[in-house]
Structures are given as C-alpha cells and as structure tokens.
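Q: Following this message is one structure expressed as structure tokens.
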Amino acid sequence: MNPVPTTDGTTQPGPAVDRRTELSAFLRSRRARLRPADVGLPEHGRRRVPGLRREELAQLAGVSVAYYIRLEQGRGAGVSDAVLDAIGTALRLTPTERDHLRHLARPAARRLRPAARPQRVGPACRQVLDALELVPAFVVGRGLDIIGWNRLGCALFGDFPAMPRERRNLARQVFLDPATRALYVNWEGKAEVVVGLLRRELGRAPDDPALAGLVAELSGVSGEFRRLWARHDVQGKGSGVKQLNHPVVGPLTVTYETLSVAADPEQLLVTHHATPGSRSEDALRALAAGLA
C-alpha cells in the first residue's frame, strides 16, 4: 500500500485495507505475546516462534484447531459472538482489543460518506471549548483529525489555525512535526498511543480511503511508525497524564480526559488540566495570560 504524493505535499487516498489480512495479523500478534506459562499450560520442547501454538489457543478457547486456523487465516465468516468472546478470553484481550476483534471478524454494514464533507464542530461544543479558558482542549474527529480547539489548546499544543488542514491530525503531528516531538517528554509513549488509536480507527473503517492513505503516508516516511504499526496494538482514547516541555513556560504535567460529543459520536473532546496549586497550573495561567 504505497502513498501517492500530490503537488501540494499531501497524500492521495489509498486503497481499502484487506480486513481479512488485518484479522489474521491481529490474532497472530496477540497469540505471539503469550507464553504457555501465562495461561497455565506446560511448555513442551523448543518453539520455533514465540507465543502460544494455534492448537493451544484453540484448546483454551474450546474450539477445534481447524476452526481456529480458518479464523486466523481470515476465513471465519459467520463466527459467533460466543466464539469471539472465548477467543478474547483465551488471548487475554483488553476490552478495546475485544471490540477491535469483533469489528474485524464481524464488520457492520457501512454507508459510504461523501469525501468532500469534512466534520465540523457544532455550536454547542464550540461554546464549551470557548468556556474552558484555563483548560487546553481540542476536538478529534474521524481519522484522528483535529477539527476544533480553544485558544489555550493552540498555545499548548500548536498553532492549529496556521496549519494546512491536512496537518491538523494527531498522527501527522506526532510523527512528522519536530515541535510536537520536542513537546512530549515521553514521545515514544505518545507515539504508541497514537498508533494504537489509528489501528482502532482502521479496524472500524477498513474501507475508508483517506484513513488507508494516512497509514500509507506515515509508513512511507517514518521507520518509527512502521515499527509500531507492525505490533498491531490497539488503544481507546481515555484518560491519563501527559508530561510536556513547552518552549514558552517550560516543563508541566497535565491530566487529560476524553469526552464523547453527543451531537456526533465520532467526535471526541479532549481536555487537559493541571493539579490546583501546582507549578503546572501556574504555567497554564501564564500561558493564558500571554493570550490576553
């Protein structure tokens, strides 16, 4: 899957991803990370490859070896929820990984969206963003596009209004923007999260050419992206802590929370706040004062 450069430096949409290939690679990657001892099985002899054997996984899930092999080869049409749950338990999948497995194995019927209609932040969400004067915030849409922000969000994470629209994307920011790399103290950890989010997006929309094009673009220019993408890890956007080193106010620590936007479930509002009375809160106040 190769990206096709355009004259303005963007990447054309790529071909749809083969869902069966994704399913096969995901199951193999989850099986490879488990040892027999992890699931209470004895180790017999040397193993040519790491992880559980297919027959061991089938035994744990209570399905025939032939059936599991067909599923891992992407030929498991009609697989039941009960079987997927049993395989998820045997592989010790997280809730996000179980959801990803279901999307790959039993994709829902999808309606094609017009490519020329980008997502927009609604008026209610816009009012919330503007009201969060001391809370840096932005809105993430399909394909990890950054589609809305407030003033402090721009001051902390980047001048989104000045960027070309195609650059307003979490994955492109993390892997292609030197300023974003310098901002995150633990850049590797941030990159792992972003790749996991992108993999989850792809599992939900393998037929989205823009998403496939983004993956192809990043694979073509970043060895770090290719290395993380090959792991087939998936993550959901939740909450956590970010340690930042801002070029204006210096080091600070913020806690982020992700909220679903009621008007559009495919939009997520990501807010950031500092512990009251902390140096990080003082840094945010100083950053906000500079915007006055």
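In the structure tokens, chains take the letters A, B, ... in the order shown, each chain's residues start at 1, and ligands count up from 1 in the order shown.
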Could you pull the residues within 9 Å of segment 218-232 of chain A, counting only C-alpha atoms, minus those fewer than 6 positions along the same chain, as a PyMOL selection string?
A: chain A and resi 2-3+22+25-26+29-30+171-172+175-176+191-192+195-196+199
Q: Now that the selection is made, can you save its residues with N, CA, C and O atoms as a short mmCIF file (atom, residue, chain, number, x, y, z; two decimals), in the first residue's frame?
A:
```
data_model
loop_
_atom_site.label_atom_id
_atom_site.label_comp_id
_atom_site.auth_asym_id
_atom_site.auth_seq_id
_atom_site.Cartn_x
_atom_site.Cartn_y
_atom_site.Cartn_z
N ASN A 2 1.08 1.84 -1.15
CA ASN A 2 2.01 2.95 -1.28
C ASN A 2 1.27 4.27 -1.41
O ASN A 2 0.30 4.38 -2.14
N PRO A 3 1.74 5.33 -0.71
CA PRO A 3 1.11 6.63 -0.84
C PRO A 3 1.43 7.24 -2.19
O PRO A 3 2.46 6.97 -2.78
N GLU A 22 -5.98 -8.01 8.08
CA GLU A 22 -5.89 -7.36 9.39
C GLU A 22 -6.28 -8.32 10.51
O GLU A 22 -5.62 -8.38 11.55
N ALA A 25 -3.46 -10.94 11.00
CA ALA A 25 -2.27 -10.39 11.64
C ALA A 25 -2.53 -10.04 13.10
O ALA A 25 -1.66 -10.22 13.96
N PHE A 26 -3.73 -9.55 13.40
CA PHE A 26 -4.05 -9.19 14.78
C PHE A 26 -4.06 -10.43 15.67
O PHE A 26 -3.47 -10.44 16.76
N SER A 29 -0.55 -11.70 16.26
CA SER A 29 0.23 -10.83 17.15
C SER A 29 -0.19 -11.02 18.61
O SER A 29 0.65 -10.99 19.51
N ARG A 30 -1.48 -11.22 18.85
CA ARG A 30 -1.94 -11.42 20.24
C ARG A 30 -1.50 -12.80 20.75
O ARG A 30 -1.17 -12.95 21.93
N ALA A 171 -1.82 11.96 14.30
CA ALA A 171 -0.75 11.08 13.84
C ALA A 171 0.31 11.86 13.06
O ALA A 171 1.51 11.65 13.26
N ARG A 172 -0.13 12.76 12.18
CA ARG A 172 0.86 13.55 11.44
C ARG A 172 1.64 14.46 12.38
O ARG A 172 2.85 14.66 12.21
N PHE A 175 4.28 12.21 14.34
CA PHE A 175 5.36 11.58 13.58
C PHE A 175 6.06 12.51 12.58
O PHE A 175 7.19 12.22 12.18
N LEU A 176 5.44 13.63 12.22
CA LEU A 176 6.03 14.47 11.20
C LEU A 176 6.42 15.86 11.67
O LEU A 176 7.12 16.58 10.95
N ALA A 191 3.63 8.22 20.97
CA ALA A 191 3.56 7.61 19.65
C ALA A 191 2.85 6.25 19.71
O ALA A 191 2.05 5.91 18.83
N GLU A 192 3.10 5.47 20.76
CA GLU A 192 2.43 4.18 20.91
C GLU A 192 0.92 4.36 21.03
O GLU A 192 0.14 3.60 20.43
N VAL A 195 -0.57 5.42 17.56
CA VAL A 195 -0.62 4.29 16.63
C VAL A 195 -1.73 3.32 17.03
O VAL A 195 -2.47 2.80 16.19
N GLY A 196 -1.90 3.09 18.34
CA GLY A 196 -2.98 2.23 18.80
C GLY A 196 -4.36 2.79 18.47
O GLY A 196 -5.27 2.05 18.11
N ARG A 199 -4.86 2.34 14.68
CA ARG A 199 -5.18 0.95 14.36
C ARG A 199 -6.64 0.66 14.69
O ARG A 199 -7.35 -0.03 13.93
#
```
Q: Write down as a list in words the residues belonging to segment 127-226 of chain A that are assigned strand (DSSP E) by DSSP computed on the backbone.
A: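 Strand (DSSP E) assignments inside segment 127-226 of chain A correspond to Ala137, Phe138, Val139, Val140, Ile146, Ile147, Gly148 and Trp149 of chain A.
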Q: Atoms to include: C-alpha atoms. Write the selected residues as a CSV table (one decimal), in the first residue's frame.
A:
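Final output, saved to out.csv:
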```csv
chain,number,residue,atom,x,y,z
A,137,ALA,CA,-8.8,21.5,24.8
A,138,PHE,CA,-9.3,20.2,21.3
A,139,VAL,CA,-11.7,18.0,19.3
A,140,VAL,CA,-10.6,14.9,17.5
A,146,ILE,CA,-8.1,17.8,14.9
A,147,ILE,CA,-11.2,19.6,13.9
A,148,GLY,CA,-11.7,22.1,16.8
A,149,TRP,CA,-9.7,23.8,19.6
```
Q: Within 9 Å of Leu84 of chain A, counting only C-alpha atoms, which residues show up once you throw out same-chain ones fewer than 6 positions away? Write them as a PyMOL selection string, please.
A: chain A and resi 61+98+101-102+105
Q: Would you mind telling me which residue in A:Pro107, A:Gly158, A:Pro251, A:Pro206 lies nearest to Gly78 of chain A when using only C-alpha atoms?
A: A:Pro107
Q: As an mmCIF file with all heavy atoms, in the first residue's frame, which residues of segment 38-95 of chain A does DSSP assign to helix (DSSP H, G or I)?
A:
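Output contents, as saved in states-v1.cif:
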```cif
data_model
loop_
_atom_site.group_PDB
_atom_site.id
_atom_site.type_symbol
_atom_site.label_atom_id
_atom_site.label_comp_id
_atom_site.auth_asym_id
_atom_site.auth_seq_id
_atom_site.Cartn_x
_atom_site.Cartn_y
_atom_site.Cartn_z
ATOM 1 N N ASP A 38 1.830 -18.353 30.935
ATOM 2 C CA ASP A 38 0.900 -17.263 31.221
ATOM 3 C C ASP A 38 -0.537 -17.744 31.351
ATOM 4 O O ASP A 38 -1.358 -17.101 32.016
ATOM 5 C CB ASP A 38 0.965 -16.202 30.109
ATOM 6 C CG ASP A 38 2.320 -15.513 30.027
ATOM 7 O OD1 ASP A 38 2.996 -15.423 31.074
ATOM 8 O OD2 ASP A 38 2.686 -15.069 28.928
ATOM 9 N N VAL A 39 -0.841 -18.849 30.699
ATOM 10 C CA VAL A 39 -2.224 -19.340 30.680
ATOM 11 C C VAL A 39 -2.344 -20.711 31.332
ATOM 12 O O VAL A 39 -3.336 -21.424 31.146
ATOM 13 C CB VAL A 39 -2.756 -19.383 29.231
ATOM 14 C CG1 VAL A 39 -2.874 -17.982 28.663
ATOM 15 C CG2 VAL A 39 -1.876 -20.244 28.339
ATOM 16 N N ARG A 54 -1.151 -22.578 17.760
ATOM 17 C CA ARG A 54 -2.565 -22.486 17.397
ATOM 18 C C ARG A 54 -3.406 -23.521 18.133
ATOM 19 O O ARG A 54 -4.520 -23.237 18.590
ATOM 20 C CB ARG A 54 -2.721 -22.655 15.886
ATOM 21 C CG ARG A 54 -2.275 -21.460 15.065
ATOM 22 C CD ARG A 54 -2.250 -21.815 13.602
ATOM 23 N NE ARG A 54 -2.078 -20.643 12.750
ATOM 24 C CZ ARG A 54 -1.929 -20.681 11.442
ATOM 25 N NH1 ARG A 54 -1.905 -21.863 10.825
ATOM 26 N NH2 ARG A 54 -1.795 -19.577 10.740
ATOM 27 N N GLU A 55 -2.875 -24.740 18.247
ATOM 28 C CA GLU A 55 -3.650 -25.786 18.908
ATOM 29 C C GLU A 55 -3.844 -25.499 20.398
ATOM 30 O O GLU A 55 -4.871 -25.865 20.986
ATOM 31 C CB GLU A 55 -3.007 -27.164 18.706
ATOM 32 C CG GLU A 55 -1.555 -27.267 19.159
ATOM 33 C CD GLU A 55 -0.560 -26.955 18.042
ATOM 34 O OE1 GLU A 55 -0.929 -26.211 17.107
ATOM 35 O OE2 GLU A 55 0.565 -27.480 18.123
ATOM 36 N N GLU A 56 -2.866 -24.825 21.000
ATOM 37 C CA GLU A 56 -3.005 -24.458 22.406
ATOM 38 C C GLU A 56 -4.079 -23.390 22.576
ATOM 39 O O GLU A 56 -4.896 -23.448 23.511
ATOM 40 C CB GLU A 56 -1.664 -23.960 22.944
ATOM 41 C CG GLU A 56 -0.609 -25.051 23.057
ATOM 42 C CD GLU A 56 0.772 -24.510 23.363
ATOM 43 O OE1 GLU A 56 1.065 -23.350 22.995
ATOM 44 O OE2 GLU A 56 1.579 -25.249 23.974
ATOM 45 N N LEU A 57 -4.082 -22.420 21.681
ATOM 46 C CA LEU A 57 -5.099 -21.375 21.750
ATOM 47 C C LEU A 57 -6.489 -21.961 21.506
ATOM 48 O O LEU A 57 -7.444 -21.622 22.213
ATOM 49 C CB LEU A 57 -4.769 -20.280 20.733
ATOM 50 C CG LEU A 57 -5.477 -18.927 20.860
ATOM 51 C CD1 LEU A 57 -6.892 -18.956 20.363
ATOM 52 C CD2 LEU A 57 -5.436 -18.422 22.309
ATOM 53 N N ALA A 58 -6.596 -22.853 20.537
ATOM 54 C CA ALA A 58 -7.886 -23.486 20.256
ATOM 55 C C ALA A 58 -8.379 -24.266 21.475
ATOM 56 O O ALA A 58 -9.575 -24.226 21.813
ATOM 57 C CB ALA A 58 -7.762 -24.404 19.049
ATOM 58 N N GLN A 59 -7.469 -24.978 22.140
ATOM 59 C CA GLN A 59 -7.835 -25.728 23.348
ATOM 60 C C GLN A 59 -8.369 -24.800 24.422
ATOM 61 O O GLN A 59 -9.397 -25.068 25.046
ATOM 62 C CB GLN A 59 -6.608 -26.480 23.862
ATOM 63 C CG GLN A 59 -6.833 -27.192 25.193
ATOM 64 C CD GLN A 59 -5.540 -27.767 25.769
ATOM 65 O OE1 GLN A 59 -4.561 -27.954 25.052
ATOM 66 N NE2 GLN A 59 -5.537 -28.028 27.066
ATOM 67 N N LEU A 60 -7.692 -23.667 24.631
ATOM 68 C CA LEU A 60 -8.124 -22.721 25.660
ATOM 69 C C LEU A 60 -9.478 -22.106 25.330
ATOM 70 O O LEU A 60 -10.288 -21.849 26.227
ATOM 71 C CB LEU A 60 -7.083 -21.613 25.814
ATOM 72 C CG LEU A 60 -5.751 -22.002 26.451
ATOM 73 C CD1 LEU A 60 -4.745 -20.875 26.295
ATOM 74 C CD2 LEU A 60 -5.944 -22.329 27.930
ATOM 75 N N ALA A 61 -9.723 -21.869 24.050
ATOM 76 C CA ALA A 61 -10.973 -21.237 23.638
ATOM 77 C C ALA A 61 -12.122 -22.226 23.480
ATOM 78 O O ALA A 61 -13.269 -21.818 23.319
ATOM 79 C CB ALA A 61 -10.764 -20.479 22.326
ATOM 80 N N VAL A 65 -9.172 -27.048 16.355
ATOM 81 C CA VAL A 65 -7.969 -26.444 15.777
ATOM 82 C C VAL A 65 -8.249 -25.980 14.353
ATOM 83 O O VAL A 65 -7.848 -24.881 13.952
ATOM 84 C CB VAL A 65 -6.799 -27.442 15.808
ATOM 85 C CG1 VAL A 65 -5.569 -26.844 15.124
ATOM 86 C CG2 VAL A 65 -6.467 -27.836 17.242
ATOM 87 N N ALA A 66 -8.965 -26.803 13.595
ATOM 88 C CA ALA A 66 -9.258 -26.439 12.206
ATOM 89 C C ALA A 66 -10.087 -25.158 12.136
ATOM 90 O O ALA A 66 -9.861 -24.302 11.278
ATOM 91 C CB ALA A 66 -9.989 -27.579 11.506
ATOM 92 N N TYR A 67 -11.062 -25.035 13.049
ATOM 93 C CA TYR A 67 -11.899 -23.829 13.049
ATOM 94 C C TYR A 67 -11.061 -22.601 13.374
ATOM 95 O O TYR A 67 -11.194 -21.553 12.710
ATOM 96 C CB TYR A 67 -13.026 -23.981 14.066
ATOM 97 C CG TYR A 67 -14.019 -22.838 14.038
ATOM 98 C CD1 TYR A 67 -15.155 -22.913 13.239
ATOM 99 C CD2 TYR A 67 -13.811 -21.690 14.795
ATOM 100 C CE1 TYR A 67 -16.067 -21.866 13.195
ATOM 101 C CE2 TYR A 67 -14.705 -20.642 14.749
ATOM 102 C CZ TYR A 67 -15.829 -20.737 13.943
ATOM 103 O OH TYR A 67 -16.716 -19.694 13.887
ATOM 104 N N TYR A 68 -10.187 -22.709 14.394
ATOM 105 C CA TYR A 68 -9.383 -21.545 14.754
ATOM 106 C C TYR A 68 -8.417 -21.182 13.626
ATOM 107 O O TYR A 68 -8.210 -19.994 13.346
ATOM 108 C CB TYR A 68 -8.592 -21.781 16.048
ATOM 109 C CG TYR A 68 -7.728 -20.581 16.356
ATOM 110 C CD1 TYR A 68 -8.288 -19.422 16.868
ATOM 111 C CD2 TYR A 68 -6.359 -20.579 16.050
ATOM 112 C CE1 TYR A 68 -7.523 -18.299 17.082
ATOM 113 C CE2 TYR A 68 -5.590 -19.456 16.254
ATOM 114 C CZ TYR A 68 -6.178 -18.313 16.779
ATOM 115 O OH TYR A 68 -5.426 -17.182 16.968
ATOM 116 N N ILE A 69 -7.837 -22.176 12.981
ATOM 117 C CA ILE A 69 -6.922 -21.893 11.868
ATOM 118 C C ILE A 69 -7.648 -21.134 10.758
ATOM 119 O O ILE A 69 -7.110 -20.168 10.206
ATOM 120 C CB ILE A 69 -6.303 -23.195 11.332
ATOM 121 C CG1 ILE A 69 -5.306 -23.760 12.343
ATOM 122 C CG2 ILE A 69 -5.617 -22.947 9.988
ATOM 123 C CD1 ILE A 69 -4.726 -25.094 11.959
ATOM 124 N N ARG A 70 -8.879 -21.536 10.459
ATOM 125 C CA ARG A 70 -9.640 -20.815 9.436
ATOM 126 C C ARG A 70 -9.867 -19.363 9.849
ATOM 127 O O ARG A 70 -9.735 -18.441 9.031
ATOM 128 C CB ARG A 70 -10.984 -21.497 9.184
ATOM 129 C CG ARG A 70 -10.888 -22.807 8.431
ATOM 130 C CD ARG A 70 -12.238 -23.200 7.839
ATOM 131 N NE ARG A 70 -13.283 -23.301 8.854
ATOM 132 C CZ ARG A 70 -13.546 -24.409 9.541
ATOM 133 N NH1 ARG A 70 -12.820 -25.507 9.331
ATOM 134 N NH2 ARG A 70 -14.512 -24.430 10.430
ATOM 135 N N LEU A 71 -10.180 -19.153 11.131
ATOM 136 C CA LEU A 71 -10.406 -17.797 11.615
ATOM 137 C C LEU A 71 -9.136 -16.971 11.526
ATOM 138 O O LEU A 71 -9.155 -15.811 11.077
ATOM 139 C CB LEU A 71 -10.916 -17.830 13.060
ATOM 140 C CG LEU A 71 -11.228 -16.461 13.691
ATOM 141 C CD1 LEU A 71 -12.336 -15.755 12.924
ATOM 142 C CD2 LEU A 71 -11.609 -16.629 15.160
ATOM 143 N N GLU A 72 -8.022 -17.559 11.930
ATOM 144 C CA GLU A 72 -6.762 -16.814 11.905
ATOM 145 C C GLU A 72 -6.285 -16.556 10.479
ATOM 146 O O GLU A 72 -5.478 -15.657 10.239
ATOM 147 C CB GLU A 72 -5.682 -17.558 12.691
ATOM 148 C CG GLU A 72 -4.470 -16.688 12.985
ATOM 149 C CD GLU A 72 -3.468 -17.339 13.910
ATOM 150 O OE1 GLU A 72 -3.729 -17.369 15.141
ATOM 151 O OE2 GLU A 72 -2.432 -17.807 13.406
ATOM 152 N N ASP A 81 -20.638 -14.528 18.381
ATOM 153 C CA ASP A 81 -20.151 -13.711 19.495
ATOM 154 C C ASP A 81 -19.555 -14.586 20.591
ATOM 155 O O ASP A 81 -18.563 -14.217 21.228
ATOM 156 C CB ASP A 81 -21.287 -12.869 20.076
ATOM 157 C CG ASP A 81 -21.660 -11.695 19.180
ATOM 158 O OD1 ASP A 81 -20.806 -11.253 18.391
ATOM 159 O OD2 ASP A 81 -22.811 -11.232 19.278
ATOM 160 N N ALA A 82 -20.171 -15.749 20.812
ATOM 161 C CA ALA A 82 -19.681 -16.635 21.868
ATOM 162 C C ALA A 82 -18.260 -17.105 21.571
ATOM 163 O O ALA A 82 -17.405 -17.158 22.470
ATOM 164 C CB ALA A 82 -20.615 -17.835 22.014
ATOM 165 N N VAL A 83 -17.991 -17.451 20.316
ATOM 166 C CA VAL A 83 -16.642 -17.889 19.946
ATOM 167 C C VAL A 83 -15.656 -16.736 20.059
ATOM 168 O O VAL A 83 -14.542 -16.908 20.576
ATOM 169 C CB VAL A 83 -16.644 -18.472 18.518
ATOM 170 C CG1 VAL A 83 -15.213 -18.683 18.019
ATOM 171 C CG2 VAL A 83 -17.395 -19.790 18.494
ATOM 172 N N LEU A 84 -16.052 -15.566 19.611
ATOM 173 C CA LEU A 84 -15.150 -14.408 19.720
ATOM 174 C C LEU A 84 -14.865 -14.080 21.180
ATOM 175 O O LEU A 84 -13.733 -13.726 21.530
ATOM 176 C CB LEU A 84 -15.763 -13.200 19.011
ATOM 177 C CG LEU A 84 -15.847 -13.282 17.487
ATOM 178 C CD1 LEU A 84 -16.521 -12.040 16.926
ATOM 179 C CD2 LEU A 84 -14.457 -13.450 16.875
ATOM 180 N N ASP A 85 -15.874 -14.188 22.036
ATOM 181 C CA ASP A 85 -15.656 -13.945 23.464
ATOM 182 C C ASP A 85 -14.695 -14.983 24.049
ATOM 183 O O ASP A 85 -13.822 -14.645 24.858
ATOM 184 C CB ASP A 85 -16.988 -13.998 24.217
ATOM 185 C CG ASP A 85 -17.842 -12.757 23.967
ATOM 186 O OD1 ASP A 85 -17.272 -11.731 23.535
ATOM 187 O OD2 ASP A 85 -19.059 -12.822 24.207
ATOM 188 N N ALA A 86 -14.861 -16.251 23.643
ATOM 189 C CA ALA A 86 -13.979 -17.297 24.150
ATOM 190 C C ALA A 86 -12.545 -17.079 23.683
ATOM 191 O O ALA A 86 -11.589 -17.248 24.468
ATOM 192 C CB ALA A 86 -14.480 -18.667 23.681
ATOM 193 N N ILE A 87 -12.362 -16.676 22.442
ATOM 194 C CA ILE A 87 -11.015 -16.399 21.928
ATOM 195 C C ILE A 87 -10.434 -15.172 22.613
ATOM 196 O O ILE A 87 -9.250 -15.145 22.969
ATOM 197 C CB ILE A 87 -11.059 -16.225 20.401
ATOM 198 C CG1 ILE A 87 -11.362 -17.568 19.737
ATOM 199 C CG2 ILE A 87 -9.738 -15.662 19.879
ATOM 200 C CD1 ILE A 87 -11.592 -17.488 18.252
ATOM 201 N N GLY A 88 -11.256 -14.151 22.828
ATOM 202 C CA GLY A 88 -10.791 -12.961 23.530
ATOM 203 C C GLY A 88 -10.328 -13.272 24.941
ATOM 204 O O GLY A 88 -9.320 -12.743 25.412
ATOM 205 N N THR A 89 -11.061 -14.166 25.619
ATOM 206 C CA THR A 89 -10.659 -14.567 26.980
ATOM 207 C C THR A 89 -9.364 -15.370 26.935
ATOM 208 O O THR A 89 -8.458 -15.160 27.748
ATOM 209 C CB THR A 89 -11.783 -15.403 27.629
ATOM 210 O OG1 THR A 89 -12.962 -14.604 27.727
ATOM 211 C CG2 THR A 89 -11.363 -15.865 29.022
ATOM 212 N N ALA A 90 -9.256 -16.288 25.986
ATOM 213 C CA ALA A 90 -8.047 -17.107 25.877
ATOM 214 C C ALA A 90 -6.825 -16.253 25.569
ATOM 215 O O ALA A 90 -5.727 -16.521 26.082
ATOM 216 C CB ALA A 90 -8.235 -18.167 24.795
ATOM 217 N N PRO A 95 -10.699 -4.858 26.878
ATOM 218 C CA PRO A 95 -11.994 -4.508 26.270
ATOM 219 C C PRO A 95 -11.845 -3.837 24.907
ATOM 220 O O PRO A 95 -12.618 -4.119 23.985
ATOM 221 C CB PRO A 95 -12.621 -3.564 27.308
ATOM 222 C CG PRO A 95 -12.055 -4.026 28.608
ATOM 223 C CD PRO A 95 -10.635 -4.426 28.302
#
```
Q: For Glu43 of chain A, find every residue with an atom within 12 Å (counting only C-alpha atoms), except residues of its own chain fewer than 5 positions away, and show them as a list in words.
A: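 Listing them by chain and then by number gives Leu34, Arg35, Pro36, Ala37, Asp38, Pro50, Gly51, Leu52, Arg53 and Glu56 of chain A.
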Q: The selected residues should be written to file as a tab-separated table (two decimals), in the first residue's frame (atoms: C-alpha atoms).
A:
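So result_39.tsv came out as:
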```tsv
chain	number	residue	atom	x	y	z
A	34	LEU	CA	1.51	-15.10	25.38
A	35	ARG	CA	3.65	-17.89	26.80
A	36	PRO	CA	2.16	-21.23	27.85
A	37	ALA	CA	3.01	-20.43	31.46
A	38	ASP	CA	0.90	-17.26	31.22
A	50	PRO	CA	7.35	-17.08	20.33
A	51	GLY	CA	3.92	-17.39	21.87
A	52	LEU	CA	1.16	-19.96	22.04
A	53	ARG	CA	0.71	-22.53	19.31
A	56	GLU	CA	-3.01	-24.46	22.41
```
Q: Rank nothing, just name the residue among A:Val193, A:Val254, A:Arg142, A:Gln267 nearest to Leu211 of chain A, using only C-alpha atoms.
A: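 Of the candidates, the smallest distance to Leu211 of chain A is held by A:Arg142.
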Q: Which of these, A:Tyr184, A:Pro209, A:Gly189, A:Gly236, has the shortest distance to Gly250 of chain A once you count only C-alpha atoms?
A: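 Smallest separation from Gly250 of chain A among the options: A:Tyr184.
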Q: Separation of atom CA of Arg75 of chain A and atom CA of Ala210 of chain A, in Å?
A: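 Result for atom CA of Arg75 of chain A versus atom CA of Ala210 of chain A: 26.2 Å, one decimal.
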Q: Between atom CA of Pro42 of chain A and atom CA of Gly62 of chain A, what is the distance, to one decimal in Å?
A: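 For atom CA of Pro42 of chain A relative to atom CA of Gly62 of chain A, the distance reads 17.5 Å.
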Q: With a distance cut-off of 12 Å and only C-alpha atoms, select the neighbouring residues of Arg165 of chain A, excluding the residue or stretch itself and same-chain residues fewer than 4 positions from it, and output the selection as a ChimeraX atom specification.
A: /A:8-10,118-119,145-148,159-161,169-170,172-173
Q: From the list A:Thr180, A:Thr96, A:Asn186, A:Thr271, which residue is nearest Leu132 of chain A when using only C-alpha atoms?
A: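 Checking each candidate against Leu132 of chain A, we get A:Thr271 as the closest.
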